[in-house]
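Heads up, target-v1.txt below (compact mmCIF, C-alpha atoms):
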```
# COMPACT_ATOMS: atom_id res chain seq x y z
CA MET T 1 0.00 0.00 0.00
CA ALA T 2 1.48 3.36 -1.04
CA LYS T 3 1.90 6.01 1.61
CA ASN T 4 0.85 9.60 1.02
CA LYS T 5 3.75 11.71 -0.13
CA ALA T 6 4.26 14.73 2.10
CA LYS T 7 4.70 17.80 -0.09
CA LEU T 8 5.29 21.47 0.29
CA ILE T 9 2.48 23.20 -1.61
CA ILE T 10 2.82 26.87 -2.54
CA PHE T 11 -0.49 28.69 -3.03
CA THR T 12 -0.43 32.27 -4.31
CA GLY T 13 -2.26 34.88 -6.34
CA PRO T 14 -3.09 38.57 -6.22
CA SER T 15 -4.71 40.14 -3.18
CA GLY T 16 -8.51 39.89 -3.49
CA VAL T 17 -8.50 36.84 -5.79
CA GLY T 18 -10.26 34.70 -3.15
CA LYS T 19 -7.42 32.61 -1.76
CA GLY T 20 -8.79 32.67 1.79
CA THR T 21 -12.29 31.68 0.70
CA MET T 22 -10.92 28.84 -1.41
CA LEU T 23 -8.75 27.54 1.39
CA ALA T 24 -11.53 27.62 3.98
CA ASP T 25 -13.57 25.30 1.74
CA PHE T 26 -10.53 23.19 0.78
CA PHE T 27 -9.58 22.46 4.39
CA LYS T 28 -13.17 21.47 5.22
CA ARG T 29 -13.10 18.94 2.39
CA VAL T 30 -9.67 17.26 2.73
CA ASN T 31 -8.27 14.92 5.35
CA ASN T 32 -5.84 15.88 8.09
CA LYS T 33 -2.75 14.94 6.08
CA ILE T 34 -2.15 18.59 5.17
CA VAL T 35 -1.27 21.46 7.48
CA TYR T 36 -1.75 25.17 6.87
CA SER T 37 1.46 27.07 7.51
CA VAL T 38 0.65 30.13 9.59
CA SER T 39 2.85 33.02 8.41
CA CYS T 40 4.33 35.77 10.52
CA THR T 41 3.41 39.36 9.66
CA THR T 42 3.92 42.88 10.89
CA ARG T 43 0.56 44.09 9.57
CA ALA T 44 -2.32 44.78 11.95
CA PRO T 45 -4.96 42.07 12.33
CA ARG T 46 -8.19 42.49 10.36
CA ASP T 47 -11.54 42.05 12.09
CA GLY T 48 -11.97 38.42 13.12
CA GLU T 49 -8.34 37.41 12.58
CA ILE T 50 -6.83 35.46 15.46
CA ASN T 51 -3.13 35.53 16.36
CA GLY T 52 -1.61 32.09 15.79
CA MET T 53 -4.48 30.94 13.60
CA HIS T 54 -4.55 33.38 10.69
CA TYR T 55 -1.09 34.89 11.21
CA PHE T 56 1.44 35.35 13.95
CA PHE T 57 1.22 39.13 14.40
CA ILE T 58 4.64 40.36 15.49
CA SER T 59 6.49 43.67 15.66
CA LYS T 60 8.83 44.91 12.97
CA ASN T 61 11.74 44.55 15.40
CA GLU T 62 10.87 40.91 16.15
CA PHE T 63 10.55 40.18 12.45
CA GLU T 64 13.91 41.75 11.63
CA GLN T 65 15.55 39.73 14.42
CA MET T 66 14.12 36.52 12.91
CA ILE T 67 15.55 37.53 9.50
CA GLN T 68 18.99 37.98 11.08
CA GLU T 69 18.72 34.54 12.69
CA ASP T 70 17.73 32.92 9.34
CA GLU T 71 14.44 31.60 10.73
CA PHE T 72 12.40 32.13 7.56
CA LEU T 73 11.99 29.90 4.53
CA GLU T 74 10.94 33.09 2.77
CA HIS T 75 10.12 36.63 3.73
CA ALA T 76 9.06 39.74 1.90
CA CYS T 77 7.77 43.23 2.35
CA TYR T 78 4.38 43.64 0.68
CA SER T 79 2.22 46.77 0.79
CA GLY T 80 4.43 48.17 3.54
CA ASN T 81 4.34 45.12 5.83
CA TYR T 82 6.62 42.13 6.38
CA TYR T 83 5.40 38.56 5.82
CA GLY T 84 7.40 35.37 6.36
CA THR T 85 7.24 31.58 6.67
CA ASN T 86 8.89 29.90 9.64
CA LYS T 87 11.32 27.34 8.20
CA LYS T 88 11.39 25.07 11.28
CA PHE T 89 7.59 24.65 11.32
CA VAL T 90 7.49 23.58 7.64
CA ASP T 91 10.38 21.14 7.92
CA GLU T 92 9.00 19.51 11.08
CA LYS T 93 5.56 18.87 9.56
CA ILE T 94 6.97 17.41 6.33
CA SER T 95 9.30 15.12 8.30
CA GLN T 96 6.19 13.92 10.21
CA GLY T 97 4.60 12.92 6.88
CA LYS T 98 2.20 15.85 6.62
CA SER T 99 2.01 18.05 3.56
CA VAL T 100 2.25 21.78 4.25
CA LEU T 101 0.33 24.43 2.34
CA LEU T 102 1.88 27.89 2.20
CA GLU T 103 -0.51 30.69 1.28
CA ILE T 104 1.98 33.41 0.43
CA GLU T 105 2.38 36.38 -1.87
CA LEU T 106 4.33 36.15 -5.10
CA GLN T 107 7.72 37.43 -3.86
CA GLY T 108 7.76 34.78 -1.16
CA ALA T 109 6.51 32.06 -3.50
CA LEU T 110 9.37 32.75 -5.92
CA GLN T 111 11.90 32.60 -3.03
CA VAL T 112 10.57 29.23 -1.87
CA MET T 113 10.50 27.88 -5.44
CA GLU T 114 14.26 28.60 -5.69
CA LYS T 115 15.05 26.96 -2.35
CA ARG T 116 12.61 24.06 -2.70
CA PRO T 117 12.32 23.12 -6.38
CA ASP T 118 10.33 20.00 -5.41
CA ALA T 119 7.46 22.14 -4.09
CA VAL T 120 4.09 21.95 -5.84
CA THR T 121 3.20 25.45 -7.04
CA ILE T 122 -0.32 26.79 -7.61
CA PHE T 123 -1.27 30.25 -8.86
CA ILE T 124 -4.83 31.58 -8.40
CA LYS T 125 -6.04 34.14 -10.91
CA PRO T 126 -9.27 36.14 -11.19
CA PRO T 127 -11.65 35.68 -14.14
CA THR T 128 -10.95 39.32 -15.12
CA PHE T 129 -8.99 42.24 -13.73
CA ASP T 130 -12.24 44.20 -13.26
CA GLU T 131 -13.60 41.38 -11.10
CA LEU T 132 -10.44 41.48 -8.99
CA GLU T 133 -10.93 45.22 -8.44
CA ASN T 134 -14.59 44.63 -7.47
CA ARG T 135 -13.54 42.00 -4.92
CA LEU T 136 -10.90 44.26 -3.37
CA ARG T 137 -13.35 47.14 -3.08
CA GLY T 138 -16.06 44.82 -1.76
CA ARG T 139 -13.96 43.89 1.27
CA HIS T 140 -14.24 47.47 2.63
CA THR T 141 -11.03 46.92 4.61
CA GLU T 142 -8.61 49.34 2.98
CA THR T 143 -8.15 52.92 1.90
CA GLU T 144 -8.32 53.94 -1.76
CA GLU T 145 -4.54 54.34 -1.74
CA ALA T 146 -4.07 50.79 -0.42
CA ILE T 147 -6.49 49.42 -3.03
CA GLN T 148 -4.55 51.18 -5.80
CA LYS T 149 -1.27 49.71 -4.49
CA ARG T 150 -2.79 46.23 -4.47
CA LEU T 151 -4.13 46.65 -8.01
CA GLU T 152 -0.73 47.79 -9.29
CA ALA T 153 0.92 44.83 -7.57
CA ALA T 154 -1.71 42.48 -9.05
CA LYS T 155 -0.86 43.60 -12.61
CA GLU T 156 2.72 42.51 -12.05
CA GLU T 157 1.80 39.32 -10.19
CA LEU T 158 -0.47 38.10 -12.99
CA LYS T 159 2.49 38.24 -15.40
CA ASN T 160 4.13 35.44 -13.35
CA ALA T 161 1.35 32.85 -13.53
CA ASP T 162 3.21 30.77 -16.11
CA LYS T 163 6.05 30.12 -13.62
CA PHE T 164 3.76 27.84 -11.61
CA HIS T 165 2.93 24.15 -12.10
CA TYR T 166 -0.80 24.86 -11.93
CA THR T 167 -3.05 27.87 -12.52
CA ILE T 168 -6.63 27.94 -11.24
CA GLU T 169 -9.10 30.61 -12.32
CA ASN T 170 -11.29 31.51 -9.35
CA ASP T 171 -14.55 32.39 -11.09
CA VAL T 172 -16.95 29.94 -9.44
CA ILE T 173 -15.62 29.11 -5.98
CA GLU T 174 -16.85 25.49 -5.90
CA LYS T 175 -15.24 24.73 -9.26
CA ALA T 176 -11.96 26.37 -8.21
CA VAL T 177 -11.86 24.35 -4.97
CA ASP T 178 -12.65 21.14 -6.90
CA GLU T 179 -9.60 21.87 -9.08
CA LEU T 180 -7.46 22.52 -6.01
CA ILE T 181 -8.54 19.21 -4.43
CA GLU T 182 -7.82 17.38 -7.68
CA ILE T 183 -4.28 18.82 -7.74
CA TYR T 184 -3.75 17.99 -4.06
CA ASN T 185 -4.87 14.38 -4.56
CA LYS T 186 -2.75 13.97 -7.69
CA GLU T 187 0.38 15.31 -6.01
CA THR T 188 0.11 13.59 -2.61
CA ASN T 189 -1.23 10.11 -3.43
```
Take the structure in the file and give it back as structure tokens.
Amino acid sequence: MAKNKAKLIIFTGPSGVGKGTMLADFFKRVNNKIVYSVSCTTRAPRDGEINGMHYFFISKNEFEQMIQEDEFLEHACYSGNYYGTNKKFVDEKISQGKSVLLEIELQGALQVMEKRPDAVTIFIKPPTFDELENRLRGRHTETEEAIQKRLEAAKEELKNADKFHYTIENDVIEKAVDELIEIYNKETN
């Protein structure tokens, strides 16, 4: 009987594309053989976000100390805030036979792809750029300036989709999650 293959799975796409919504459904539908890697960030928590569950919310000084001590698999500054993936956490889970899913922004994804070429890489794209803008505005969580920064970043991020093993268009959420589960099953069984 073949064992599941523990994999590092990189999951990225522009801000507002629906990554969080997809993953909430994905984790409800798959078994416990995969772990969500909780990233560290210096940004403030959004309403409903819980420290240690959605992110580890830390100070800029703490984050910079962790960079100096080489504790991140990847780290980046995005929209004025630091984000990073704790290397020890990822390595421990994979050695225990559990796949690890990293939901990270593009800069970090590209860093991890260089360091871990065996990682499974998945890029999420919107059906149209206008739809992406509608989703960002619909969140009502950011200033107009922040939305414009995210839209500019998204234009550049979308140019990188072909660097990933898989691309999923998030038009209909159920269909997008079905595709994600299909990829997960293919890569880990």
> Between CA of Glu49 (chain T) and CA of Thr121 (chain T), what is the spacing in Å?
Replying inline: 25.7 Å
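Between Lys19 (chain T) and the candidates T:Glu105, T:Asp118, T:Glu142, T:Glu131, the tightest atom-to-atom separation, counting all atoms listed in the file, involves T:Glu105.
With CA of Glu174 (chain T) on one side and CA of Gly13 (chain T) on the other, the separation reads 17.4 Å.
Comparing the minimum interatomic distances between Ala76 (chain T) and each of T:Ile50, T:Ala109, T:Ala6, T:Leu102, counting only C-alpha atoms, we find that T:Ala109 sits nearest.
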> Which neighbours of region 84-100 of chain T fall inside 10 Å, counting all atoms listed in the file, when residues of the same chain fewer than 6 positions from it are skipped, and could you give them as a ChimeraX atom specification?
Replying inline: /T:3-10,32-42,55-56,63,66-67,70-77,108,112,119,184,188
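Rounded to one decimal, CA of Phe26 (chain T) and CA of Asp178 (chain T) lie 8.2 Å from each other.
Minimum distance to Leu158 (chain T) across T:Ser79, T:Thr12, T:Gln68, T:Asn134 (counting all atoms listed in the file) occurs at T:Thr12.
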>> Residues within 9 Å of Ala161 (chain T), please, as a list in words. Count all atoms listed in the file; anything in the same chain fewer than 5 positions from it doesn't count.
In response: Gly13, Ile122, Phe123, Ile124, Lys125, Tyr166 and Thr167 of chain T
Next, write the just-selected residues to a file, as a JSON list (two decimals), in the frame of the given file, keeping C-alpha atoms as the atom set.
```json
[["chain", "number", "residue", "atom", "x", "y", "z"],
["T", 13, "GLY", "CA", -2.26, 34.88, -6.34],
["T", 122, "ILE", "CA", -0.32, 26.79, -7.61],
["T", 123, "PHE", "CA", -1.27, 30.25, -8.86],
["T", 124, "ILE", "CA", -4.83, 31.58, -8.40],
["T", 125, "LYS", "CA", -6.04, 34.14, -10.91],
["T", 166, "TYR", "CA", -0.80, 24.86, -11.93],
["T", 167, "THR", "CA", -3.05, 27.87, -12.52]]
```
Return as lines of an AutoDock Vina configuration file the centre and edge lengths, in Å with one decimal, of the box along x, y and z that encloses every atom of region 140-150 of chain T in the file, padded by 3 Å per side.
```
center_x = -7.8
center_y = 50.3
center_z = -0.6
size_x = 19.0
size_y = 14.1
size_z = 16.4
```
>> Give me the residues near Ile147 (chain T) as a list in words, where near means some atom within 10 Å (using all atoms listed in the file) and where sequence neighbours in that chain fewer than 6 positions away do not count.
In response: Ser15, Gly16, Ser79, Glu133, Leu136, Arg137, His140, Thr141 and Ala153 of chain T
> Which one is closest to Asn81 (chain T): T:Ala146, T:Met53, T:Val17, T:Val177? Count only C-alpha atoms.
Replying inline: T:Ala146
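If you measure from each of T:Glu169, T:Glu157, T:Glu187, T:Asp47 to Val120 (chain T) using only C-alpha atoms, the closest one turns out to be T:Glu187.
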>> Calculated over only C-alpha atoms, which of the candidates T:Ile181, T:Lys186, T:Glu145, T:Leu110 has the smallest distance to Lys28 (chain T)?
In response: T:Ile181
